[in-house]
$ cat my_file19.txt   # compact mmCIF, C-alpha atoms
# COMPACT_ATOMS: atom_id res chain seq x y z
CA MET A 1 124.83 145.07 120.50
CA SER A 2 124.92 141.34 121.16
CA ASP A 3 125.54 138.77 118.44
CA ASP A 4 123.93 136.04 120.54
CA PRO A 5 121.37 134.29 118.25
CA GLY A 6 118.97 134.23 121.17
CA ASP A 7 119.14 138.02 121.59
CA VAL A 8 116.03 139.87 120.37
CA ASP A 9 118.00 142.69 118.71
CA TYR A 10 120.12 140.12 116.85
CA LEU A 11 117.03 138.32 115.61
CA ASN A 12 115.41 141.56 114.47
CA ARG A 13 118.52 142.59 112.53
CA HIS A 14 118.75 139.13 110.97
CA LEU A 15 115.12 139.02 109.88
CA ASN A 16 115.05 142.57 108.49
CA THR A 17 116.38 143.30 105.02
CA GLY A 18 117.66 146.77 105.85
CA ALA A 19 116.05 148.19 102.70
CA PRO A 20 112.99 150.46 103.06
CA GLY A 21 109.90 149.20 101.31
CA ILE A 22 111.12 145.67 100.50
CA GLN A 23 109.41 144.03 103.45
CA GLY A 24 106.15 145.75 102.58
CA ARG A 25 106.37 144.50 99.00
CA VAL A 26 107.07 141.00 100.29
CA ASP A 27 103.97 141.22 102.49
CA ASP A 28 101.94 142.26 99.42
CA LEU A 29 103.38 139.35 97.43
CA ILE A 30 102.44 136.81 100.11
CA ARG A 31 98.96 138.30 100.46
CA ASP A 32 98.41 138.22 96.68
CA SER A 33 99.49 134.59 96.58
CA HIS A 34 96.33 133.70 98.53
CA GLY A 35 98.21 131.70 101.14
CA SER A 36 96.41 130.93 104.40
CA GLN A 37 96.85 133.60 107.07
CA ASP A 38 98.37 131.22 109.62
CA MET A 39 101.10 130.31 107.09
CA ALA A 40 101.78 133.86 105.87
CA GLU A 41 104.54 134.57 108.40
CA LEU A 42 106.43 131.40 107.46
CA TYR A 43 106.32 132.21 103.75
CA ARG A 44 107.30 135.80 104.48
CA GLU A 45 110.45 134.66 106.29
CA MET A 46 111.32 132.31 103.40
CA VAL A 47 111.14 135.10 100.84
CA LEU A 48 113.04 137.53 103.07
CA ALA A 49 115.83 134.97 103.48
CA ILE A 50 116.29 135.00 99.70
CA VAL A 51 116.19 138.82 99.63
CA ARG A 52 118.90 138.99 102.31
CA MET A 53 121.01 136.53 100.33
CA ALA A 54 120.70 138.71 97.22
CA GLN A 55 121.63 141.82 99.21
CA ALA A 56 124.71 140.08 100.59
CA GLU A 57 125.75 139.20 97.03
CA ARG A 58 126.55 135.60 97.86
CA ASN A 59 128.58 133.75 95.28
CA ARG A 60 126.92 131.90 92.42
CA TRP A 61 127.61 128.46 93.91
CA ASP A 62 125.85 129.38 97.18
CA ALA A 63 122.88 130.75 95.24
CA LYS A 64 122.66 127.61 93.08
CA ILE A 65 122.66 125.41 96.18
CA MET A 66 119.77 127.38 97.65
CA LEU A 67 117.87 127.36 94.36
CA GLN A 68 118.27 123.61 93.84
CA THR A 69 117.30 122.92 97.45
CA ILE A 70 114.10 124.97 97.19
CA ARG A 71 113.23 123.42 93.81
CA GLU A 72 113.70 119.87 95.07
CA LEU A 73 111.76 120.49 98.27
CA GLU A 74 108.83 122.10 96.45
CA ALA A 75 108.73 119.36 93.81
CA ALA A 76 108.84 116.60 96.43
CA PHE A 77 106.13 118.21 98.55
CA ALA A 78 103.91 118.54 95.48
CA ARG A 79 104.43 114.94 94.34
CA LEU A 80 104.00 113.44 97.80
CA GLU A 81 100.71 115.30 98.22
CA LEU A 82 99.32 112.59 95.91
CA PHE A 83 100.10 110.00 98.59
CA LYS A 84 99.44 112.13 101.66
CA ARG A 85 96.92 109.82 103.34
CA ARG A 86 98.94 106.66 102.80
CA ARG A 87 101.02 105.05 105.54
CA LYS A 88 104.58 104.37 104.41
CA VAL A 89 107.62 102.30 105.40
CA THR A 90 111.13 102.88 104.08
CA VAL A 91 113.21 99.82 103.13
CA PHE A 92 116.99 100.09 102.77
CA GLY A 93 119.50 97.55 101.45
CA SER A 94 122.13 96.83 98.85
CA ALA A 95 121.55 97.57 95.18
CA ARG A 96 123.97 94.72 94.42
CA THR A 97 121.91 91.90 95.92
CA PRO A 98 121.30 89.39 93.09
CA VAL A 99 117.84 88.04 92.28
CA SER A 100 118.99 84.54 93.27
CA HIS A 101 119.96 85.59 96.82
CA ASP A 102 117.80 84.69 99.83
CA LEU A 103 117.81 88.37 100.84
CA TYR A 104 116.17 89.28 97.53
CA VAL A 105 113.37 86.82 98.26
CA ILE A 106 112.96 88.19 101.79
CA ALA A 107 112.84 91.80 100.57
CA ARG A 108 110.21 90.92 97.97
CA GLU A 109 108.10 89.22 100.65
CA MET A 110 108.57 92.27 102.89
CA GLY A 111 107.11 94.51 100.20
CA ARG A 112 104.19 92.12 99.72
CA LEU A 113 103.38 92.08 103.44
CA LEU A 114 103.58 95.86 103.71
CA ALA A 115 101.12 96.23 100.82
CA ALA A 116 98.79 93.62 102.34
CA ASN A 117 98.68 95.76 105.50
CA ASP A 118 98.08 98.99 103.50
CA PHE A 119 101.59 100.43 103.79
CA MET A 120 103.45 101.91 100.83
CA THR A 121 107.08 100.81 100.41
CA ILE A 122 109.65 103.58 99.96
CA THR A 123 113.10 102.69 98.62
CA GLY A 124 115.96 104.42 96.85
CA ALA A 125 114.42 103.19 93.57
CA GLY A 126 117.48 101.19 92.58
CA ALA A 127 118.17 97.52 91.94
CA GLY A 128 118.78 94.69 94.41
CA ILE A 129 116.90 94.95 97.70
CA MET A 130 115.11 98.09 96.49
CA ALA A 131 113.77 96.46 93.34
CA ALA A 132 112.78 93.34 95.29
CA ALA A 133 110.75 95.30 97.84
CA HIS A 134 108.97 97.19 95.05
CA GLU A 135 108.27 93.98 93.15
CA GLY A 136 106.56 92.57 96.22
CA ALA A 137 104.63 95.77 96.89
CA GLY A 138 103.59 96.50 93.30
CA LEU A 139 103.47 99.93 91.69
CA ASP A 140 100.38 101.21 93.54
CA ASN A 141 102.10 100.59 96.87
CA SER A 142 105.61 101.76 95.91
CA LEU A 143 107.54 105.04 96.04
CA GLY A 144 111.07 105.42 94.71
CA PHE A 145 113.41 108.24 95.77
CA ASN A 146 116.13 108.07 93.14
CA ILE A 147 119.44 109.95 93.30
CA THR A 148 120.96 111.74 90.29
CA LEU A 149 124.60 110.70 89.90
CA PRO A 150 127.35 111.65 87.39
CA PHE A 151 126.95 108.21 85.82
CA GLU A 152 123.63 106.80 84.68
CA GLN A 153 121.34 105.92 87.60
CA ARG A 154 118.08 104.45 86.37
CA SER A 155 115.12 103.70 88.62
CA ASN A 156 114.00 100.10 88.81
CA ASP A 157 111.37 98.79 86.39
CA VAL A 158 108.53 98.97 88.94
CA VAL A 159 108.55 102.76 89.40
CA ASN A 160 110.58 104.04 86.44
CA GLY A 161 108.79 106.74 84.46
CA THR A 162 105.75 106.88 86.76
CA GLU A 163 104.48 109.44 89.26
CA HIS A 164 105.78 107.05 91.95
CA ASP A 165 109.37 107.92 90.96
CA LEU A 166 111.00 111.03 92.51
CA SER A 167 114.51 112.14 91.61
CA PHE A 168 116.86 114.06 93.92
CA LYS A 169 120.17 115.76 93.20
CA PHE A 170 121.17 116.21 96.84
CA PHE A 171 121.66 113.22 99.13
CA PHE A 172 120.70 115.22 102.22
CA LEU A 173 117.25 116.06 100.81
CA ARG A 174 116.69 112.48 99.72
CA LYS A 175 117.59 111.32 103.23
CA LEU A 176 115.19 113.86 104.70
CA PHE A 177 112.26 112.35 102.82
CA PHE A 178 113.28 108.77 103.54
CA VAL A 179 112.76 109.58 107.23
CA LYS A 180 110.06 112.25 107.06
CA GLU A 181 107.59 110.08 105.15
CA ALA A 182 108.17 106.81 107.03
CA GLU A 183 106.21 105.31 109.92
CA ALA A 184 108.86 102.58 110.16
CA LEU A 185 112.30 101.86 108.72
CA ILE A 186 113.49 98.42 107.66
CA LEU A 187 117.18 97.86 106.95
CA CYS A 188 118.49 94.86 105.04
CA PRO A 189 122.24 94.09 104.70
CA GLY A 190 124.14 96.36 102.36
CA GLY A 191 127.27 98.44 101.81
CA PHE A 192 128.49 101.86 102.92
CA GLY A 193 125.22 103.52 101.92
CA THR A 194 123.12 101.16 104.03
CA LEU A 195 125.40 101.55 107.04
CA ASP A 196 125.37 105.33 106.56
CA GLU A 197 121.57 105.31 106.65
CA THR A 198 121.51 102.98 109.67
CA LEU A 199 123.79 105.12 111.82
CA GLU A 200 122.19 108.38 110.72
CA LEU A 201 118.70 107.10 111.53
CA LEU A 202 119.78 105.94 114.96
CA THR A 203 121.53 109.26 115.63
CA LEU A 204 118.46 111.28 114.60
CA ILE A 205 116.17 109.27 116.89
CA GLN A 206 118.66 109.08 119.76
CA THR A 207 119.05 112.87 119.76
CA GLY A 208 115.33 113.60 119.35
CA LYS A 209 115.75 115.15 115.89
CA SER A 210 113.42 112.53 114.42
CA PRO A 211 110.30 110.97 115.97
CA ILE A 212 110.58 107.50 117.43
CA VAL A 213 109.48 104.90 114.89
CA PRO A 214 110.34 101.20 114.56
CA VAL A 215 113.88 100.68 113.23
CA ILE A 216 114.05 97.06 112.13
CA LEU A 217 117.22 95.20 111.18
CA LEU A 218 116.13 92.40 108.83
CA ASP A 219 118.43 89.51 107.91
CA VAL A 220 118.10 85.93 106.70
CA PRO A 221 117.62 83.24 109.39
CA GLY A 222 121.04 82.61 110.93
CA GLY A 223 122.51 85.69 109.23
CA ARG A 224 125.37 87.46 111.01
CA TYR A 225 125.32 90.87 109.30
CA TRP A 226 123.24 92.78 111.84
CA GLU A 227 124.14 90.51 114.76
CA SER A 228 127.81 91.40 114.20
CA LEU A 229 126.97 95.11 114.20
CA MET A 230 124.90 94.73 117.39
CA ALA A 231 127.83 92.91 119.01
CA PHE A 232 130.08 95.85 118.08
CA PHE A 233 127.56 98.27 119.59
CA ARG A 234 127.48 96.30 122.84
CA GLU A 235 131.22 95.56 123.12
CA GLN A 236 132.59 98.92 121.97
CA LEU A 237 129.92 101.63 122.26
CA CYS A 238 128.06 100.50 125.40
CA ALA A 239 131.11 99.15 127.21
CA ASN A 240 133.02 102.40 126.68
CA GLY A 241 130.08 104.62 127.62
CA TYR A 242 129.73 106.11 124.12
CA ILE A 243 126.01 105.24 124.14
CA LEU A 244 123.58 104.18 126.83
CA GLU A 245 122.64 100.52 126.98
CA THR A 246 118.99 101.58 126.62
CA ASP A 247 119.87 103.14 123.24
CA LEU A 248 119.87 99.59 121.89
CA ASN A 249 116.07 99.68 122.41
CA LEU A 250 115.90 101.95 119.36
CA MET A 251 116.42 99.00 116.99
CA THR A 252 115.01 95.51 116.68
CA LEU A 253 116.71 92.54 115.02
CA VAL A 254 114.44 90.10 113.13
CA ASP A 255 115.00 87.27 110.66
CA SER A 256 111.71 87.17 108.78
CA PRO A 257 109.38 89.62 107.03
CA ALA A 258 106.49 88.31 109.14
CA ASP A 259 108.31 89.26 112.37
CA ALA A 260 109.13 92.69 110.94
CA MET A 261 105.49 93.26 110.01
CA ASP A 262 104.25 92.11 113.41
CA HIS A 263 106.67 94.48 115.09
CA ILE A 264 105.36 97.45 113.12
CA LEU A 265 101.73 96.57 113.81
CA ASP A 266 102.46 96.06 117.51
CA PHE A 267 104.19 99.44 117.72
CA TYR A 268 101.05 101.20 116.49
CA SER A 269 98.55 98.96 118.30
CA ASN A 270 97.90 101.60 121.00
CA TYR A 271 100.59 104.25 120.46
CA HIS A 272 99.65 106.54 117.57
CA SER A 273 102.12 109.44 117.48
CA ALA A 274 103.63 112.21 119.62
CA ARG A 275 104.48 115.89 119.58
CA TRP A 276 105.73 118.64 121.87
CA VAL A 277 103.02 120.96 123.21
CA ASP A 278 103.91 123.93 125.44
CA GLY A 279 106.99 122.22 126.88
CA SER A 280 105.32 118.83 127.44
CA TYR A 281 105.78 115.66 125.44
CA VAL A 282 102.32 114.48 124.40
CA MET A 283 101.68 110.94 123.20
CA ARG A 284 98.47 110.23 121.31
CA LEU A 285 96.97 106.83 122.22
CA ASN A 286 94.19 104.80 120.63
CA ARG A 287 93.00 103.61 124.04
CA ALA A 288 93.34 105.07 127.53
CA LEU A 289 95.60 103.41 130.08
CA THR A 290 94.22 101.82 133.23
CA GLU A 291 94.67 103.50 136.59
CA SER A 292 97.10 100.80 137.68
CA ALA A 293 99.10 101.30 134.47
CA LEU A 294 99.32 105.03 135.13
CA ALA A 295 100.51 104.37 138.66
CA HIS A 296 103.18 102.05 137.29
CA LEU A 297 104.38 104.77 134.92
CA GLN A 298 104.80 107.25 137.76
CA ASP A 299 107.19 104.88 139.53
CA THR A 300 108.98 103.07 136.69
CA TYR A 301 109.56 105.90 134.20
CA ALA A 302 110.02 108.86 136.54
CA ASP A 303 113.68 108.99 135.49
CA ILE A 304 112.84 110.30 132.01
CA CYS A 305 110.78 113.23 133.35
CA ARG A 306 112.22 116.65 134.15
CA THR A 307 109.34 117.17 136.57
CA PRO A 308 107.27 114.34 138.09
CA GLY A 309 104.01 113.14 136.67
CA PHE A 310 102.25 111.45 133.76
CA ILE A 311 98.84 112.94 133.02
CA GLN A 312 96.17 111.28 130.90
CA THR A 313 94.12 114.01 129.27
CA THR A 314 92.32 115.32 126.17
CA PRO A 315 93.76 117.52 123.37
CA SER A 316 94.76 121.07 124.24
CA GLY A 317 93.98 124.13 122.17
CA ALA A 318 97.57 124.06 120.87
CA GLU A 319 96.71 120.90 118.93
CA ALA A 320 93.83 122.47 117.02
CA ASP A 321 95.87 122.19 113.81
CA GLU A 322 95.32 118.40 113.84
CA PRO A 323 91.55 118.02 114.27
CA GLU A 324 91.61 114.53 112.77
CA LEU A 325 93.40 113.33 115.93
CA ALA A 326 91.02 114.97 118.40
CA ASN A 327 89.44 111.65 119.37
CA LEU A 328 92.71 110.16 120.64
CA VAL A 329 93.65 110.00 124.32
CA ARG A 330 96.68 112.07 125.38
CA LEU A 331 99.46 110.98 127.74
CA SER A 332 101.36 114.11 128.72
CA PHE A 333 104.64 114.46 130.64
CA VAL A 334 107.69 116.72 130.78
CA PHE A 335 110.22 114.53 128.97
CA ASN A 336 113.88 115.25 129.66
CA GLY A 337 114.63 115.06 125.93
CA ARG A 338 117.58 112.72 126.39
CA ASN A 339 116.61 109.14 127.20
CA HIS A 340 115.00 108.13 123.92
CA GLY A 341 115.89 104.49 124.42
CA ARG A 342 113.88 104.51 127.65
CA LEU A 343 111.11 106.39 125.86
CA ARG A 344 111.05 103.60 123.27
CA GLY A 345 110.62 101.10 126.13
CA LEU A 346 107.71 103.14 127.48
CA ILE A 347 105.97 102.92 124.09
CA ASP A 348 106.35 99.14 124.12
CA TRP A 349 104.87 99.07 127.62
CA ILE A 350 101.76 101.13 126.81
CA ASN A 351 101.15 98.86 123.81
CA ARG A 352 100.60 95.87 126.09
CA PRO A 353 96.87 94.99 126.03
CA GLU A 354 96.75 94.43 129.80
CA ASN A 355 97.70 98.07 130.40
CA GLN A 356 94.84 99.49 128.31
CA GLN A 357 91.24 100.17 129.21
CA THR A 358 88.68 98.23 127.23
CA ARG A 359 86.23 100.15 125.07
CA ASP A 360 83.51 99.51 127.64
CA THR A 361 85.45 101.08 130.49
CA ALA A 362 87.21 103.87 128.57
$ encode --input "my_file19.txt" --output "structure tokens"
Amino acid sequence: MSDDPGDVDYLNRHLNTGAPGIQGRVDDLIRDSHGSQDMAELYREMVLAIVRMAQAERNRWDAKIMLQTIRELEAAFARLELFKRRRKVTVFGSARTPVSHDLYVIAREMGRLLAANDFMTITGAGAGIMAAAHEGAGLDNSLGFNITLPFEQRSNDVVNGTEHDLSFKFFFLRKLFFVKEAEALILCPGGFGTLDETLELLTLIQTGKSPIVPVILLDVPGGRYWESLMAFFREQLCANGYILETDLNLMTLVDSPADAMDHILDFYSNYHSARWVDGSYVMRLNRALTESALAHLQDTYADICRTPGFIQTTPSGAEADEPELANLVRLSFVFNGRNHGRLRGLIDWINRPENQQTRDTA
């Protein structure tokens, strides 16, 4: 027998519990829980994973990690259901930024602008930049993802003690929701934590593990924090071939909240979202592209396709799970899955008004 994870026999052995009757009882449990039929198989595999762990008699520490992970995920999903239809932007930055600092003023204005454009502001719920962004946004437009630490870690006054305040024990789960919930990410200067988030975000997008969204580096006018980091990227990473030069397209440096807000709005002016469907990368657009724009794509962006061709089409049956997006135009192509910096450039290009059909000609 093969132990290759792609081998069918291996998968069957892994998914089965090896105990007669258990899988049937799990099926009964899922059915009695009144879950939707299309989700039943997913829940079944979740429960069976726990059964297999119990059968293997994992140590207590492993079991506690799994338990805490499941608890935090379920609690976060339940709380965020309250804000499901709201667009959100995550703002990162130092908790040590004083109220008197220009960055504090900028972060507060950033929160205000996000709220004015109907975006909620997500932060780590702490002080400094996080508190400033929440102050500008106000409670109704704020979400705080706090982290439980050995020493006291209190959420800022805007969200503390409200349903807008979520607490996490594990950093990796907190990071997951920072990215999962956000339609854009704004990074202000900060310490190790901010740099950790910056590099992780860029890695997730560069490798295709996270959807492309605006990643905005916000500093004060004339500030050198992000410019110095960009210079390091160009002089050390690009020059040595550690990243592609087009990977720098994944981030945008701005020096005002107004520019950051304009960048987010421009990003979603025609581009809506994307997903993989039957091996093709499908972009959802608010407006169709012109014939000349499509012809330009075939020539200019052929390098990011595994097989030639960009096709403008309507939703396929595989997208029936998102009926609310059925009215959007689709741009479908076989993306090579590697050149995400170039893909980011393509999104900027389709957002240009001159490349879009007017409503009268669509």
$ closest_residue --input "my_file19.txt" --among "A:Thr90, A:Thr148, A:Thr300, A:Asn249" --to "Ile186 in chain A" --atoms "all atoms listed in the file"
A:Thr90
$ closest_residue --input "my_file19.txt" --among "A:Gln206, A:Thr358, A:Asn117, A:Asn336" --to "Tyr281 in chain A" --atoms "only C-alpha atoms"
A:Asn336
$ closest_residue --input "my_file19.txt" --among "A:Arg352, A:Lys209, A:Arg338, A:Lys88" --to "Asn270 in chain A" --atoms "all atoms listed in the file"
A:Arg352
$ residues_near_point --input "my_file19.txt" --point "(115.0, 105.0, 92.0)" --cutoff "8 Å" --atoms "only C-alpha atoms" --output "VMD selection string"
chain A and resid 123 to 126 144 to 147 153 to 156 159 to 160 165 to 167
$ atom_distance --input "my_file19.txt" --atom1 "CA of Pro257 in chain A" --atom2 "CA of Asp140 in chain A"
19.9 Å
$ closest_residue --input "my_file19.txt" --among "A:His164, A:His272, A:Arg306, A:His34" --to "Ala288 in chain A" --atoms "all atoms listed in the file"
A:His272
$ build_atoms --input "my_file19.txt" --residues "range 92-117 of chain A" --atoms "N, CA, C and O atoms" --output "CSV table (one decimal), in the coordinates of the input"
chain,number,residue,atom,x,y,z
A,92,PHE,N,115.6,99.9,103.3
A,92,PHE,CA,117.0,100.1,102.8
A,92,PHE,C,117.7,98.8,102.5
A,92,PHE,O,117.3,97.7,103.1
A,93,GLY,N,118.7,98.8,101.7
A,93,GLY,CA,119.5,97.6,101.4
A,93,GLY,C,120.3,97.7,100.2
A,93,GLY,O,120.2,98.7,99.4
A,94,SER,N,121.2,96.7,99.9
A,94,SER,CA,122.1,96.8,98.8
A,94,SER,C,121.5,96.8,97.5
A,94,SER,O,120.6,95.9,97.2
A,95,ALA,N,122.0,97.6,96.6
A,95,ALA,CA,121.6,97.6,95.2
A,95,ALA,C,122.2,96.4,94.4
A,95,ALA,O,121.9,96.1,93.3
A,96,ARG,N,123.2,95.8,95.1
A,96,ARG,CA,124.0,94.7,94.4
A,96,ARG,C,123.5,93.3,94.8
A,96,ARG,O,124.1,92.3,94.4
A,97,THR,N,122.4,93.2,95.6
A,97,THR,CA,121.9,91.9,95.9
A,97,THR,C,121.3,91.2,94.7
A,97,THR,O,120.4,91.7,94.1
A,98,PRO,N,121.8,90.0,94.3
A,98,PRO,CA,121.3,89.4,93.1
A,98,PRO,C,119.9,88.8,93.3
A,98,PRO,O,119.5,88.5,94.4
A,99,VAL,N,119.2,88.6,92.2
A,99,VAL,CA,117.8,88.0,92.3
A,99,VAL,C,117.8,86.7,92.9
A,99,VAL,O,116.9,86.3,93.6
A,100,SER,N,118.9,85.9,92.8
A,100,SER,CA,119.0,84.5,93.3
A,100,SER,C,119.3,84.5,94.8
A,100,SER,O,119.2,83.4,95.4
A,101,HIS,N,119.6,85.6,95.4
A,101,HIS,CA,120.0,85.6,96.8
A,101,HIS,C,118.7,85.5,97.7
A,101,HIS,O,117.7,86.0,97.4
A,102,ASP,N,118.9,84.8,98.9
A,102,ASP,CA,117.8,84.7,99.8
A,102,ASP,C,117.3,86.1,100.3
A,102,ASP,O,116.1,86.2,100.6
A,103,LEU,N,118.2,87.0,100.4
A,103,LEU,CA,117.8,88.4,100.8
A,103,LEU,C,116.9,89.0,99.8
A,103,LEU,O,116.0,89.8,100.2
A,104,TYR,N,117.1,88.7,98.6
A,104,TYR,CA,116.2,89.3,97.5
A,104,TYR,C,114.8,88.7,97.7
A,104,TYR,O,113.8,89.5,97.7
A,105,VAL,N,114.7,87.5,98.0
A,105,VAL,CA,113.4,86.8,98.3
A,105,VAL,C,112.7,87.4,99.5
A,105,VAL,O,111.5,87.7,99.5
A,106,ILE,N,113.5,87.6,100.5
A,106,ILE,CA,113.0,88.2,101.8
A,106,ILE,C,112.5,89.6,101.6
A,106,ILE,O,111.4,90.0,102.1
A,107,ALA,N,113.2,90.4,100.8
A,107,ALA,CA,112.8,91.8,100.6
A,107,ALA,C,111.6,91.9,99.7
A,107,ALA,O,110.7,92.7,100.0
A,108,ARG,N,111.4,91.0,98.8
A,108,ARG,CA,110.2,90.9,98.0
A,108,ARG,C,109.0,90.6,98.8
A,108,ARG,O,107.9,91.2,98.7
A,109,GLU,N,109.2,89.6,99.7
A,109,GLU,CA,108.1,89.2,100.6
A,109,GLU,C,107.8,90.4,101.6
A,109,GLU,O,106.6,90.6,102.0
A,110,MET,N,108.8,91.1,102.0
A,110,MET,CA,108.6,92.3,102.9
A,110,MET,C,107.7,93.3,102.2
A,110,MET,O,106.7,93.8,102.8
A,111,GLY,N,108.0,93.6,101.0
A,111,GLY,CA,107.1,94.5,100.2
A,111,GLY,C,105.7,94.0,100.1
A,111,GLY,O,104.7,94.8,100.2
A,112,ARG,N,105.5,92.7,99.8
A,112,ARG,CA,104.2,92.1,99.7
A,112,ARG,C,103.4,92.3,101.0
A,112,ARG,O,102.2,92.6,101.0
A,113,LEU,N,104.1,92.0,102.1
A,113,LEU,CA,103.4,92.1,103.4
A,113,LEU,C,103.0,93.5,103.8
A,113,LEU,O,101.9,93.8,104.3
A,114,LEU,N,103.9,94.4,103.5
A,114,LEU,CA,103.6,95.9,103.7
A,114,LEU,C,102.3,96.3,102.9
A,114,LEU,O,101.4,96.9,103.4
A,115,ALA,N,102.3,95.9,101.6
A,115,ALA,CA,101.1,96.2,100.8
A,115,ALA,C,99.9,95.6,101.4
A,115,ALA,O,98.8,96.2,101.4
A,116,ALA,N,100.0,94.3,101.8
A,116,ALA,CA,98.8,93.6,102.3
A,116,ALA,C,98.2,94.3,103.6
A,116,ALA,O,97.0,94.2,103.9
A,117,ASN,N,99.1,95.0,104.3
A,117,ASN,CA,98.7,95.8,105.5
A,117,ASN,C,98.5,97.3,105.2
A,117,ASN,O,98.5,98.1,106.2
